[in-house]
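Here's upload39.pdb, which has PDB, C-alpha atoms:
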ATOM      1  CA  MET A 203     -45.267 -17.626 107.529
ATOM      2  CA  GLN A 204     -48.933 -16.651 107.667
ATOM      3  CA  LEU A 205     -49.463 -12.902 107.891
ATOM      4  CA  MET A 206     -52.273 -11.454 109.977
ATOM      5  CA  SER A 207     -54.889  -9.398 108.153
ATOM      6  CA  GLU A 208     -53.474  -6.092 109.404
ATOM      7  CA  GLN A 209     -49.982  -7.099 108.303
ATOM      8  CA  LYS A 210     -51.298  -7.998 104.848
ATOM      9  CA  LYS A 211     -52.773  -4.496 104.519
ATOM     10  CA  ILE A 212     -49.462  -2.891 105.469
ATOM     11  CA  VAL A 213     -47.532  -5.130 103.060
ATOM     12  CA  LYS A 214     -49.882  -4.149 100.218
ATOM     13  CA  GLU A 215     -49.507  -0.453 101.040
ATOM     14  CA  ILE A 216     -45.700  -0.675 101.258
ATOM     15  CA  ASN A 217     -45.505  -2.412  97.885
ATOM     16  CA  ARG A 218     -47.771   0.226  96.345
ATOM     17  CA  ILE A 219     -45.797   3.201  97.672
ATOM     18  CA  LYS A 220     -42.347   1.812  96.874
ATOM     19  CA  LYS A 221     -43.339   1.483  93.201
ATOM     20  CA  GLN A 222     -44.730   4.997  93.244
ATOM     21  CA  LYS A 223     -41.530   6.426  94.743
ATOM     22  CA  ASN A 224     -39.065   4.214  92.824
ATOM     23  CA  ALA A 225     -37.799   2.756  96.082
ATOM     24  CA  VAL A 226     -36.075  -0.556  96.763
ATOM     25  CA  ILE A 227     -36.194  -2.421 100.077
ATOM     26  CA  LEU A 228     -33.078  -4.354 101.067
ATOM     27  CA  VAL A 229     -33.524  -6.798 103.938
ATOM     28  CA  HIS A 230     -30.920  -8.655 105.973
ATOM     29  CA  ASN A 231     -31.456 -12.350 106.686
ATOM     30  CA  TYR A 232     -31.890 -11.688 110.432
ATOM     31  CA  GLN A 233     -34.880  -9.362 110.038
ATOM     32  CA  ARG A 234     -38.394 -10.214 111.212
ATOM     33  CA  PRO A 235     -39.944 -12.815 108.869
ATOM     34  CA  GLU A 236     -42.904 -10.596 107.949
ATOM     35  CA  ILE A 237     -40.443  -8.045 106.538
ATOM     36  CA  TYR A 238     -39.333 -10.614 103.957
ATOM     37  CA  GLU A 239     -42.743 -10.038 102.332
ATOM     38  CA  VAL A 240     -41.828  -6.498 101.235
ATOM     39  CA  ALA A 241     -38.190  -7.185 100.359
ATOM     40  CA  ASP A 242     -36.836  -6.627  96.873
ATOM     41  CA  PHE A 243     -33.775  -8.502  97.993
ATOM     42  CA  ILE A 244     -32.871 -10.549 101.072
ATOM     43  CA  GLY A 245     -29.291 -11.466 101.870
ATOM     44  CA  ASP A 246     -26.161 -11.213 103.980
ATOM     45  CA  SER A 247     -23.888  -8.176 104.251
ATOM     46  CA  LEU A 248     -22.012  -8.908 101.022
ATOM     47  CA  ASP A 249     -25.209  -9.564  99.052
ATOM     48  CA  LEU A 250     -26.717  -6.310 100.259
ATOM     49  CA  CYS A 251     -23.549  -4.319  99.551
ATOM     50  CA  ILE A 252     -23.588  -5.565  95.970
ATOM     51  CA  LYS A 253     -27.301  -4.942  95.483
ATOM     52  CA  SER A 254     -27.107  -1.444  96.941
ATOM     53  CA  ALA A 255     -24.281  -0.631  94.531
ATOM     54  CA  GLN A 256     -26.251  -1.960  91.548
ATOM     55  CA  THR A 257     -29.717  -0.561  92.152
ATOM     56  CA  ASP A 258     -31.226   2.110  89.897
ATOM     57  CA  ALA A 259     -33.800   3.070  92.521
ATOM     58  CA  LYS A 260     -33.847   6.655  93.778
ATOM     59  CA  MET A 261     -34.552   5.594  97.347
ATOM     60  CA  ILE A 262     -33.095   2.699  99.351
ATOM     61  CA  ILE A 263     -34.947   1.485 102.421
ATOM     62  CA  PHE A 264     -32.410  -0.546 104.370
ATOM     63  CA  CYS A 265     -33.771  -3.053 106.858
ATOM     64  CA  GLY A 266     -30.811  -4.116 108.934
ATOM     65  CA  VAL A 267     -28.592  -2.282 111.409
ATOM     66  CA  SER A 268     -26.786   1.047 111.207
ATOM     67  CA  PHE A 269     -23.454  -0.023 109.691
ATOM     68  CA  MET A 270     -25.325  -1.724 106.827
ATOM     69  CA  ALA A 271     -27.329   1.379 106.006
ATOM     70  CA  GLN A 272     -24.125   3.430 106.183
ATOM     71  CA  SER A 273     -22.535   1.041 103.686
ATOM     72  CA  ALA A 274     -25.432   1.572 101.280
ATOM     73  CA  ALA A 275     -25.059   5.353 101.648
ATOM     74  CA  ILE A 276     -21.309   5.165 100.958
ATOM     75  CA  LEU A 277     -21.916   3.098  97.826
ATOM     76  CA  ASN A 278     -24.753   5.357  96.632
ATOM     77  CA  PRO A 279     -23.655   8.963  97.244
ATOM     78  CA  GLY A 280     -26.358  10.390  94.974
ATOM     79  CA  LYS A 281     -29.262   8.431  96.422
ATOM     80  CA  LYS A 282     -31.445   8.710  99.470
ATOM     81  CA  VAL A 283     -30.731   5.880 101.924
ATOM     82  CA  ILE A 284     -33.303   5.494 104.668
ATOM     83  CA  MET A 285     -33.226   3.338 107.766
ATOM     84  CA  PRO A 286     -36.671   2.761 109.332
ATOM     85  CA  ASN A 287     -35.288   2.645 112.878
ATOM     86  CA  MET A 288     -32.150   4.681 113.540
ATOM     87  CA  ASP A 289     -31.720   3.021 116.954
ATOM     88  CA  ALA A 290     -30.800  -0.310 115.337
ATOM     89  CA  GLY A 291     -27.096  -0.421 116.129
ATOM     90  CA  CYS A 292     -24.398  -3.081 116.348
ATOM     91  CA  ALA A 293     -22.593  -3.975 119.567
ATOM     92  CA  MET A 294     -19.536  -5.214 117.669
ATOM     93  CA  ALA A 295     -19.234  -2.031 115.600
ATOM     94  CA  ASP A 296     -19.349  -0.033 118.836
ATOM     95  CA  MET A 297     -16.311  -1.925 120.189
ATOM     96  CA  ILE A 298     -13.847   0.084 118.104
ATOM     97  CA  GLU A 299     -13.372   3.838 117.785
ATOM     98  CA  PRO A 300     -11.281   5.817 115.272
ATOM     99  CA  GLU A 301      -8.730   7.004 117.829
ATOM    100  CA  GLY A 302      -8.105   3.455 118.997
ATOM    101  CA  LEU A 303      -7.521   2.245 115.442
ATOM    102  CA  LYS A 304      -5.185   5.175 114.709
ATOM    103  CA  LYS A 305      -3.034   4.188 117.701
ATOM    104  CA  HIS A 306      -3.051   0.573 116.548
ATOM    105  CA  LYS A 307      -1.889   1.604 113.075
ATOM    106  CA  LYS A 308       1.033   3.571 114.573
ATOM    107  CA  LYS A 309       2.013   0.498 116.600
ATOM    108  CA  TYR A 310       2.142  -1.633 113.427
ATOM    109  CA  PRO A 311       3.202   0.795 110.662
ATOM    110  CA  ASP A 312       4.084  -1.991 108.214
ATOM    111  CA  ALA A 313       0.651  -3.642 108.473
ATOM    112  CA  LYS A 314      -2.368  -3.203 106.216
ATOM    113  CA  VAL A 315      -5.793  -2.720 107.803
ATOM    114  CA  VAL A 316      -8.754  -4.876 106.857
ATOM    115  CA  CYS A 317     -12.019  -4.056 108.579
ATOM    116  CA  TYR A 318     -15.049  -6.276 108.785
ATOM    117  CA  VAL A 319     -18.090  -4.615 107.255
ATOM    118  CA  ASN A 320     -19.616  -4.697 110.764
ATOM    119  CA  SER A 321     -17.975  -1.369 111.514
ATOM    120  CA  THR A 322     -18.737   2.334 111.213
ATOM    121  CA  ALA A 323     -17.974   4.522 108.214
ATOM    122  CA  GLU A 324     -15.203   6.187 110.225
ATOM    123  CA  ILE A 325     -13.431   2.851 110.745
ATOM    124  CA  LYS A 326     -13.792   1.929 107.062
ATOM    125  CA  ALA A 327     -12.269   5.307 106.158
ATOM    126  CA  LEU A 328      -9.140   4.376 108.141
ATOM    127  CA  SER A 329      -8.856   0.938 106.516
ATOM    128  CA  ASP A 330      -7.140  -0.324 103.371
ATOM    129  CA  ALA A 331     -10.030  -2.656 102.592
ATOM    130  CA  CYS A 332     -13.229  -3.894 104.116
ATOM    131  CA  CYS A 333     -14.597  -7.410 103.954
ATOM    132  CA  THR A 334     -17.563  -9.553 104.924
ATOM    133  CA  SER A 335     -17.621 -12.967 106.551
ATOM    134  CA  ALA A 336     -18.122 -14.429 103.068
ATOM    135  CA  ASN A 337     -14.952 -12.954 101.563
ATOM    136  CA  ALA A 338     -12.641 -12.139 104.503
ATOM    137  CA  VAL A 339     -10.056 -14.772 103.564
ATOM    138  CA  LYS A 340      -9.957 -13.666  99.923
ATOM    139  CA  VAL A 341      -9.577  -9.984 100.837
ATOM    140  CA  VAL A 342      -6.771 -10.579 103.347
ATOM    141  CA  SER A 343      -4.911 -12.912 100.992
ATOM    142  CA  SER A 344      -4.961 -10.237  98.278
ATOM    143  CA  PHE A 345      -2.407  -8.129 100.156
ATOM    144  CA  PRO A 346       1.274  -8.960  99.653
ATOM    145  CA  GLU A 347       2.037  -7.654 103.137
ATOM    146  CA  LYS A 348       2.439 -10.336 105.790
ATOM    147  CA  LYS A 349       1.016  -8.312 108.678
ATOM    148  CA  ILE A 350      -2.690  -7.513 108.637
ATOM    149  CA  ILE A 351      -4.532  -5.591 111.317
ATOM    150  CA  PHE A 352      -8.018  -7.114 111.356
ATOM    151  CA  VAL A 353     -10.830  -5.214 113.073
ATOM    152  CA  PRO A 354     -13.111  -5.403 114.960
ATOM    153  CA  ASP A 355     -14.020  -9.127 115.249
ATOM    154  CA  LYS A 356     -11.383 -11.283 116.958
ATOM    155  CA  ASN A 357     -13.250 -14.505 116.141
ATOM    156  CA  LEU A 358     -13.381 -13.766 112.430
ATOM    157  CA  ALA A 359      -9.721 -12.760 112.671
ATOM    158  CA  ASP A 360      -8.909 -16.165 114.200
ATOM    159  CA  TYR A 361     -10.811 -17.860 111.367
ATOM    160  CA  VAL A 362      -8.815 -15.929 108.759
ATOM    161  CA  GLN A 363      -5.559 -16.744 110.559
ATOM    162  CA  ALA A 364      -6.399 -20.458 110.521
ATOM    163  CA  GLU A 365      -7.106 -20.278 106.784
ATOM    164  CA  LEU A 366      -3.995 -18.194 106.033
ATOM    165  CA  PRO A 367      -1.162 -19.416 108.307
ATOM    166  CA  GLU A 368       1.399 -17.567 106.182
ATOM    167  CA  LYS A 369      -0.087 -14.245 107.337
ATOM    168  CA  GLU A 370       0.302 -12.555 110.710
ATOM    169  CA  ILE A 371      -3.193 -11.455 111.667
ATOM    170  CA  ILE A 372      -3.273  -8.788 114.358
ATOM    171  CA  PRO A 373      -6.792  -8.926 115.836
ATOM    172  CA  TRP A 374      -8.822  -6.263 117.586
ATOM    173  CA  ASN A 375     -10.552  -7.413 120.756
ATOM    174  CA  GLY A 376     -14.110  -7.069 119.465
ATOM    175  CA  TYR A 377     -16.773  -9.722 119.042
ATOM    176  CA  CYS A 378     -20.437 -10.350 118.308
ATOM    177  CA  PRO A 379     -22.297 -11.000 121.586
ATOM    178  CA  ILE A 380     -24.739 -13.277 119.742
ATOM    179  CA  HIS A 381     -22.075 -15.602 118.367
ATOM    180  CA  SER A 382     -19.432 -15.314 121.056
ATOM    181  CA  VAL A 383     -21.734 -16.661 123.778
ATOM    182  CA  ILE A 384     -21.905 -20.076 122.069
ATOM    183  CA  ASP A 385     -19.484 -22.574 123.610
ATOM    184  CA  ASP A 386     -18.566 -26.209 123.075
ATOM    185  CA  GLU A 387     -20.627 -27.419 126.030
ATOM    186  CA  TYR A 388     -23.770 -25.863 124.588
ATOM    187  CA  VAL A 389     -23.190 -27.394 121.176
ATOM    188  CA  GLN A 390     -22.508 -30.855 122.591
ATOM    189  CA  GLU A 391     -25.810 -30.674 124.476
ATOM    190  CA  MET A 392     -27.623 -29.724 121.288
ATOM    191  CA  LYS A 393     -25.978 -32.612 119.432
ATOM    192  CA  LYS A 394     -27.499 -34.972 121.973
ATOM    193  CA  GLN A 395     -30.941 -33.540 121.258
ATOM    194  CA  TYR A 396     -30.488 -33.559 117.482
ATOM    195  CA  PRO A 397     -27.976 -36.353 116.742
ATOM    196  CA  LYS A 398     -28.728 -36.443 112.995
ATOM    197  CA  ALA A 399     -28.375 -32.697 112.480
ATOM    198  CA  LYS A 400     -25.359 -31.278 110.660
ATOM    199  CA  ILE A 401     -23.850 -28.148 112.244
ATOM    200  CA  ILE A 402     -23.610 -24.907 110.279
ATOM    201  CA  ALA A 403     -21.648 -22.177 112.081
ATOM    202  CA  HIS A 404     -21.082 -18.516 111.310
ATOM    203  CA  PRO A 405     -17.414 -17.383 111.068
ATOM    204  CA  GLU A 406     -18.060 -14.950 113.935
ATOM    205  CA  SER A 407     -18.232 -17.982 116.262
ATOM    206  CA  LYS A 408     -15.390 -18.947 118.589
ATOM    207  CA  PRO A 409     -12.573 -21.131 117.137
ATOM    208  CA  GLU A 410     -13.662 -24.069 119.316
ATOM    209  CA  ILE A 411     -17.070 -23.977 117.620
ATOM    210  CA  LEU A 412     -15.695 -23.734 114.106
ATOM    211  CA  LYS A 413     -13.566 -26.826 114.711
ATOM    212  CA  ILE A 414     -16.636 -29.013 115.289
ATOM    213  CA  ALA A 415     -18.847 -27.467 112.606
ATOM    214  CA  ASP A 416     -19.719 -29.398 109.458
ATOM    215  CA  HIS A 417     -20.025 -26.147 107.537
ATOM    216  CA  ILE A 418     -18.735 -22.604 108.152
ATOM    217  CA  ALA A 419     -20.610 -19.944 106.217
ATOM    218  CA  SER A 420     -22.072 -16.464 106.108
ATOM    219  CA  THR A 421     -25.835 -16.292 106.452
ATOM    220  CA  SER A 422     -26.433 -16.516 102.695
ATOM    221  CA  GLY A 423     -23.780 -19.214 102.517
ATOM    222  CA  MET A 424     -25.774 -21.189 105.075
ATOM    223  CA  ILE A 425     -28.646 -21.436 102.603
ATOM    224  CA  GLU A 426     -26.322 -22.844  99.953
ATOM    225  CA  CYS A 427     -24.780 -25.319 102.415
ATOM    226  CA  ALA A 428     -28.199 -26.626 103.448
ATOM    227  CA  LYS A 429     -29.334 -26.950  99.827
ATOM    228  CA  LYS A 430     -26.247 -28.872  98.702
ATOM    229  CA  ASP A 431     -25.821 -31.138 101.744
ATOM    230  CA  PHE A 432     -27.820 -34.364 101.559
ATOM    231  CA  ALA A 433     -28.685 -34.113 105.265
ATOM    232  CA  ASP A 434     -32.303 -33.365 106.178
ATOM    233  CA  GLU A 435     -31.608 -31.706 109.536
ATOM    234  CA  PHE A 436     -29.312 -28.845 110.511
ATOM    235  CA  PHE A 437     -28.353 -27.120 113.737
ATOM    236  CA  VAL A 438     -27.664 -23.487 112.825
ATOM    237  CA  LEU A 439     -25.257 -21.507 115.006
ATOM    238  CA  THR A 440     -26.156 -17.891 114.420
ATOM    239  CA  GLU A 441     -28.876 -15.380 115.282
ATOM    240  CA  CYS A 442     -32.271 -17.057 115.658
ATOM    241  CA  GLY A 443     -33.872 -15.151 112.779
ATOM    242  CA  MET A 444     -31.853 -17.185 110.300
ATOM    243  CA  ILE A 445     -34.088 -20.170 111.009
ATOM    244  CA  ASN A 446     -37.059 -18.306 109.504
ATOM    245  CA  ARG A 447     -35.031 -17.555 106.387
ATOM    246  CA  LEU A 448     -33.912 -21.180 106.003
ATOM    247  CA  HIS A 449     -37.439 -22.510 106.461
ATOM    248  CA  LYS A 450     -38.644 -20.071 103.809
ATOM    249  CA  GLU A 451     -35.965 -21.120 101.305
ATOM    250  CA  ILE A 452     -35.836 -24.851 102.061
ATOM    251  CA  PRO A 453     -39.208 -25.877 103.555
ATOM    252  CA  LYS A 454     -38.626 -29.619 103.177
ATOM    253  CA  LYS A 455     -35.675 -29.682 105.563
ATOM    254  CA  LYS A 456     -35.551 -29.193 109.346
ATOM    255  CA  PHE A 457     -33.573 -26.442 111.032
ATOM    256  CA  TYR A 458     -32.855 -25.999 114.718
ATOM    257  CA  GLY A 459     -31.412 -22.821 116.116
ATOM    258  CA  LEU A 460     -30.417 -20.911 119.187
ATOM    259  CA  CYS A 461     -32.642 -18.872 121.436
ATOM    260  CA  ASN A 462     -30.198 -16.076 120.701
ATOM    261  CA  MET A 463     -31.822 -12.932 119.386
ATOM    262  CA  CYS A 464     -30.184  -9.741 118.167
ATOM    263  CA  PHE A 465     -32.679  -7.185 119.418
ATOM    264  CA  ASP A 466     -31.250  -4.459 117.181
ATOM    265  CA  MET A 467     -32.009  -6.569 114.117
ATOM    266  CA  LYS A 468     -35.615  -6.854 115.261
ATOM    267  CA  LYS A 469     -36.199  -3.118 115.740
ATOM    268  CA  ASN A 470     -37.408  -2.592 112.186
ATOM    269  CA  THR A 471     -41.109  -3.392 111.693
ATOM    270  CA  LEU A 472     -43.608  -3.269 108.849
ATOM    271  CA  GLU A 473     -45.115  -0.197 110.486
ATOM    272  CA  SER A 474     -41.772   1.636 110.671
ATOM    273  CA  ILE A 475     -41.005   0.749 107.043
ATOM    274  CA  LEU A 476     -44.341   2.187 105.929
ATOM    275  CA  ILE A 477     -43.744   5.420 107.832
ATOM    276  CA  ALA A 478     -40.208   5.710 106.443
ATOM    277  CA  LEU A 479     -41.507   5.269 102.893
ATOM    278  CA  LYS A 480     -44.262   7.830 103.313
ATOM    279  CA  GLU A 481     -42.083  10.463 104.994
ATOM    280  CA  GLY A 482     -38.817   9.769 103.144
ATOM    281  CA  LYS A 483     -36.822   9.718 106.368
ATOM    282  CA  PRO A 484     -34.806   9.174 108.545
ATOM    283  CA  ILE A 485     -31.978   9.633 106.036
ATOM    284  CA  ILE A 486     -28.492   8.235 106.620
ATOM    285  CA  LYS A 487     -25.960  11.081 106.496
ATOM    286  CA  ILE A 488     -22.189  10.609 106.376
ATOM    287  CA  ASP A 489     -19.443  13.253 106.234
ATOM    288  CA  ARG A 490     -18.373  13.622 102.603
ATOM    289  CA  GLU A 491     -14.632  13.112 103.177
ATOM    290  CA  ILE A 492     -15.203  10.080 105.400
ATOM    291  CA  ALA A 493     -17.533   8.598 102.791
ATOM    292  CA  LYS A 494     -14.924   9.083 100.031
ATOM    293  CA  LYS A 495     -12.225   7.320 102.035
ATOM    294  CA  ALA A 496     -14.589   4.527 103.096
ATOM    295  CA  LEU A 497     -15.585   4.032  99.448
ATOM    296  CA  LYS A 498     -11.963   3.182  98.612
ATOM    297  CA  ALA A 499     -12.073   0.350 101.170
ATOM    298  CA  PHE A 500     -15.193  -1.003  99.473
ATOM    299  CA  GLU A 501     -13.631  -0.633  96.022
ATOM    300  CA  LYS A 502     -10.670  -2.737  97.130
ATOM    301  CA  MET A 503     -13.046  -5.442  98.383
ATOM    302  CA  PHE A 504     -15.044  -5.457  95.156
ATOM    303  CA  ALA A 505     -11.877  -5.516  93.011
ATOM    304  CA  VAL A 506     -10.751  -8.655  94.835
ATOM    305  CA  THR A 507     -14.050 -10.502  95.030
ATOM    306  CA  LYS A 508     -15.815  -9.731  91.734
TER
END
Serialized structure, structure tokens:
Amino acid sequence: MQLMSEQKKIVKEINRIKKQKNAVILVHNYQRPEIYEVADFIGDSLDLCIKSAQTDAKMIIFCGVSFMAQSAAILNPGKKVIMPNMDAGCAMADMIEPEGLKKHKKKYPDAKVVCYVNSTAEIKALSDACCTSANAVKVVSSFPEKKIIFVPDKNLADYVQAELPEKEIIPWNGYCPIHSVIDDEYVQEMKKQYPKAKIIAHPESKPEILKIADHIASTSGMIECAKKDFADEFFVLTECGMINRLHKEIPKKKFYGLCNMCFDMKKNTLESILIALKEGKPIIKIDREIAKKALKAFEKMFAVTK
């Protein structure tokens, strides 16, 4: 994309200060396209988890939503993790609370708990492992136990169940409002408009959508799918910001998306990043004991997927 002159000035200043302060900027695929220009790394939840665990930087500026910044803080207990806009939350993560999960665990005492990374630190602390959309099947299959409580995304739980019929997946009734609103009727209408386009769907989509998709992938996986597929056109079923990322990575192909924006993902701006860098805040803070327990859930995920 073409940056405006004022944006170019801010980008230059951000890049200058982050070098000065030994800071790294991690950016989720759904962020505003101008934020890509200051990113040290752009990726999906798994990519960013790995990068945050590997970085030598003293300061991490996390451009995503709250659970992502929390994850970076859990994985980097000795570093300063800053989120430019603390109001950037996640509707799905808010659909489960610790007390509810505790009751669920008592109801199924012989089940292991796998939580999607789109959850709070408190939920991760109560889980045996966490996962992302890219590795959910691998994480769940790593447990010898047949019963798995999967929280909070029921659609991702259904996807895992379809991939692992030998398991008994016990889903929580949570969902992503961005993905769950997509139905078969909508997709069929889009196929009429773009008959040559292959469909790439996110695993958070409803089962009926995944059945008609040509590819099912996390946001970073979508880039790989589009690169490897010989098709020139793709209809991408996820948050609209992913189209900007795909155009940036694969400019010779055409991508069509939904008018389906996650407003929380768009709350971070170049201006807020600059302020956060200059002031060194707002800092993500997590209770020490909760962070220790949540770290074990991450360690299980990394042990399985590395």
For this session: Take CA of Gln222 in chain A and CA of Leu479 in chain A and report the distance between them in Å, one decimal.
Result: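 CA of Leu479 in chain A lies 10.2 Å from CA of Gln222 in chain A.
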For this session: Starting from the point (-27.9, 9.1, 104.0), work out which residues of protein, DNA or RNA have an atom no more than 10 Å away when counting all atoms listed in the file; state them as JSON, numbers by chain.
Result: {"A": [262, 271, 272, 273, 274, 275, 276, 278, 279, 280, 281, 282, 283, 284, 285, 483, 484, 485, 486, 487, 488, 489]}
Writer output for current selection, C-alpha atoms, as an mmCIF file, in the frame of the given file:
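This went into result.cif:
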data_model
loop_
_atom_site.group_PDB
_atom_site.id
_atom_site.type_symbol
_atom_site.label_atom_id
_atom_site.label_comp_id
_atom_site.auth_asym_id
_atom_site.auth_seq_id
_atom_site.Cartn_x
_atom_site.Cartn_y
_atom_site.Cartn_z
ATOM 1 C CA ILE A 262 -33.095 2.699 99.351
ATOM 2 C CA ALA A 271 -27.329 1.379 106.006
ATOM 3 C CA GLN A 272 -24.125 3.430 106.183
ATOM 4 C CA SER A 273 -22.535 1.041 103.686
ATOM 5 C CA ALA A 274 -25.432 1.572 101.280
ATOM 6 C CA ALA A 275 -25.059 5.353 101.648
ATOM 7 C CA ILE A 276 -21.309 5.165 100.958
ATOM 8 C CA ASN A 278 -24.753 5.357 96.632
ATOM 9 C CA PRO A 279 -23.655 8.963 97.244
ATOM 10 C CA GLY A 280 -26.358 10.390 94.974
ATOM 11 C CA LYS A 281 -29.262 8.431 96.422
ATOM 12 C CA LYS A 282 -31.445 8.710 99.470
ATOM 13 C CA VAL A 283 -30.731 5.880 101.924
ATOM 14 C CA ILE A 284 -33.303 5.494 104.668
ATOM 15 C CA MET A 285 -33.226 3.338 107.766
ATOM 16 C CA LYS A 483 -36.822 9.718 106.368
ATOM 17 C CA PRO A 484 -34.806 9.174 108.545
ATOM 18 C CA ILE A 485 -31.978 9.633 106.036
ATOM 19 C CA ILE A 486 -28.492 8.235 106.620
ATOM 20 C CA LYS A 487 -25.960 11.081 106.496
ATOM 21 C CA ILE A 488 -22.189 10.609 106.376
ATOM 22 C CA ASP A 489 -19.443 13.253 106.234
#
Need the axis-aligned box for range 501-507 of chain A with 3 Å each side, so what are the centre and edges in Å to one decimal, as JSON?
{"center_x": -12.9, "center_y": -5.6, "center_z": 95.7, "size_x": 10.4, "size_y": 15.9, "size_z": 11.4}
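Selection check: the PyMOL selection byres ((chain A and resi 374) around 10) on the shown file gives Met297, Ile298, Gly302, Leu303, His306, Cys317, Ile351, Phe352, Val353, Pro354, Asp355, Lys356, Asn357, Ala359, Ile371, Ile372, Pro373, Asn375, Gly376 and Tyr377 of chain A.
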Given the selection you just returned, output its residues as a file containing C-alpha atoms, formatted as a PDB file, in the frame of the given file.
ATOM      1  CA  MET A 297     -16.311  -1.925 120.189  1.00  0.00           C
ATOM      2  CA  ILE A 298     -13.847   0.084 118.104  1.00  0.00           C
ATOM      3  CA  GLY A 302      -8.105   3.455 118.997  1.00  0.00           C
ATOM      4  CA  LEU A 303      -7.521   2.245 115.442  1.00  0.00           C
ATOM      5  CA  HIS A 306      -3.051   0.573 116.548  1.00  0.00           C
ATOM      6  CA  CYS A 317     -12.019  -4.056 108.579  1.00  0.00           C
ATOM      7  CA  ILE A 351      -4.532  -5.591 111.317  1.00  0.00           C
ATOM      8  CA  PHE A 352      -8.018  -7.114 111.356  1.00  0.00           C
ATOM      9  CA  VAL A 353     -10.830  -5.214 113.073  1.00  0.00           C
ATOM     10  CA  PRO A 354     -13.111  -5.403 114.960  1.00  0.00           C
ATOM     11  CA  ASP A 355     -14.020  -9.127 115.249  1.00  0.00           C
ATOM     12  CA  LYS A 356     -11.383 -11.283 116.958  1.00  0.00           C
ATOM     13  CA  ASN A 357     -13.250 -14.505 116.141  1.00  0.00           C
ATOM     14  CA  ALA A 359      -9.721 -12.760 112.671  1.00  0.00           C
ATOM     15  CA  ILE A 371      -3.193 -11.455 111.667  1.00  0.00           C
ATOM     16  CA  ILE A 372      -3.273  -8.788 114.358  1.00  0.00           C
ATOM     17  CA  PRO A 373      -6.792  -8.926 115.836  1.00  0.00           C
ATOM     18  CA  ASN A 375     -10.552  -7.413 120.756  1.00  0.00           C
ATOM     19  CA  GLY A 376     -14.110  -7.069 119.465  1.00  0.00           C
ATOM     20  CA  TYR A 377     -16.773  -9.722 119.042  1.00  0.00           C
TER      21      TYR A 377
END
For this session: Apply the PyMOL selection byres ((chain A and resi 228-232) around 8) to the structure shown and report the selected residues as JSON, numbers by chain.
Result: {"A": [226, 227, 233, 234, 237, 238, 241, 242, 243, 244, 245, 246, 247, 250, 254, 262, 263, 264, 265, 266, 421, 422, 441, 442, 443, 444, 447, 467, 468]}
For this session: Name all residues at most 10 Å from range 340-350 of chain A (count only C-alpha atoms; drop same-chain ones fewer than 5 positions away) and give them as a PyMOL selection string.
Result: chain A and resi 310-317+330-334+359+362-363+365-366+368-373+502-507
I need the chosen residues saved as a compact mmCIF listing (two decimals), keeping the file's coordinate frame, with C-alpha atoms.
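Here's the written file result_12.txt:
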# COMPACT_ATOMS: atom_id res chain seq x y z
CA TYR A 310 2.14 -1.63 113.43
CA PRO A 311 3.20 0.80 110.66
CA ASP A 312 4.08 -1.99 108.21
CA ALA A 313 0.65 -3.64 108.47
CA LYS A 314 -2.37 -3.20 106.22
CA VAL A 315 -5.79 -2.72 107.80
CA VAL A 316 -8.75 -4.88 106.86
CA CYS A 317 -12.02 -4.06 108.58
CA ASP A 330 -7.14 -0.32 103.37
CA ALA A 331 -10.03 -2.66 102.59
CA CYS A 332 -13.23 -3.89 104.12
CA CYS A 333 -14.60 -7.41 103.95
CA THR A 334 -17.56 -9.55 104.92
CA ALA A 359 -9.72 -12.76 112.67
CA VAL A 362 -8.82 -15.93 108.76
CA GLN A 363 -5.56 -16.74 110.56
CA GLU A 365 -7.11 -20.28 106.78
CA LEU A 366 -4.00 -18.19 106.03
CA GLU A 368 1.40 -17.57 106.18
CA LYS A 369 -0.09 -14.24 107.34
CA GLU A 370 0.30 -12.56 110.71
CA ILE A 371 -3.19 -11.46 111.67
CA ILE A 372 -3.27 -8.79 114.36
CA PRO A 373 -6.79 -8.93 115.84
CA LYS A 502 -10.67 -2.74 97.13
CA MET A 503 -13.05 -5.44 98.38
CA PHE A 504 -15.04 -5.46 95.16
CA ALA A 505 -11.88 -5.52 93.01
CA VAL A 506 -10.75 -8.65 94.84
CA THR A 507 -14.05 -10.50 95.03
Problem set entry | Atomic distance CA of Ile384 in chain A - CA of Pro409 in chain A, expressed in Å with one decimal |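 These atoms are spaced 10.6 Å apart.
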Kindly reconstruct range 252-257 of chain A with N, CA and C atoms and present the result as an mmCIF file, keeping the file's coordinate frame.
data_model
loop_
_atom_site.group_PDB
_atom_site.id
_atom_site.type_symbol
_atom_site.label_atom_id
_atom_site.label_comp_id
_atom_site.auth_asym_id
_atom_site.auth_seq_id
_atom_site.Cartn_x
_atom_site.Cartn_y
_atom_site.Cartn_z
ATOM 1 N N ILE A 252 -23.572 -5.466 97.427
ATOM 2 C CA ILE A 252 -23.588 -5.565 95.970
ATOM 3 C C ILE A 252 -24.882 -5.010 95.397
ATOM 4 N N LYS A 253 -26.009 -5.403 95.980
ATOM 5 C CA LYS A 253 -27.301 -4.942 95.483
ATOM 6 C C LYS A 253 -27.470 -3.436 95.626
ATOM 7 N N SER A 254 -26.976 -2.889 96.744
ATOM 8 C CA SER A 254 -27.107 -1.444 96.941
ATOM 9 C C SER A 254 -26.257 -0.681 95.934
ATOM 10 N N ALA A 255 -25.147 -1.280 95.516
ATOM 11 C CA ALA A 255 -24.281 -0.631 94.531
ATOM 12 C C ALA A 255 -24.860 -0.731 93.122
ATOM 13 N N GLN A 256 -25.713 -1.711 92.894
ATOM 14 C CA GLN A 256 -26.251 -1.960 91.548
ATOM 15 C C GLN A 256 -27.619 -1.341 91.299
ATOM 16 N N THR A 257 -28.332 -0.990 92.333
ATOM 17 C CA THR A 257 -29.717 -0.561 92.152
ATOM 18 C C THR A 257 -29.857 0.767 91.404
#
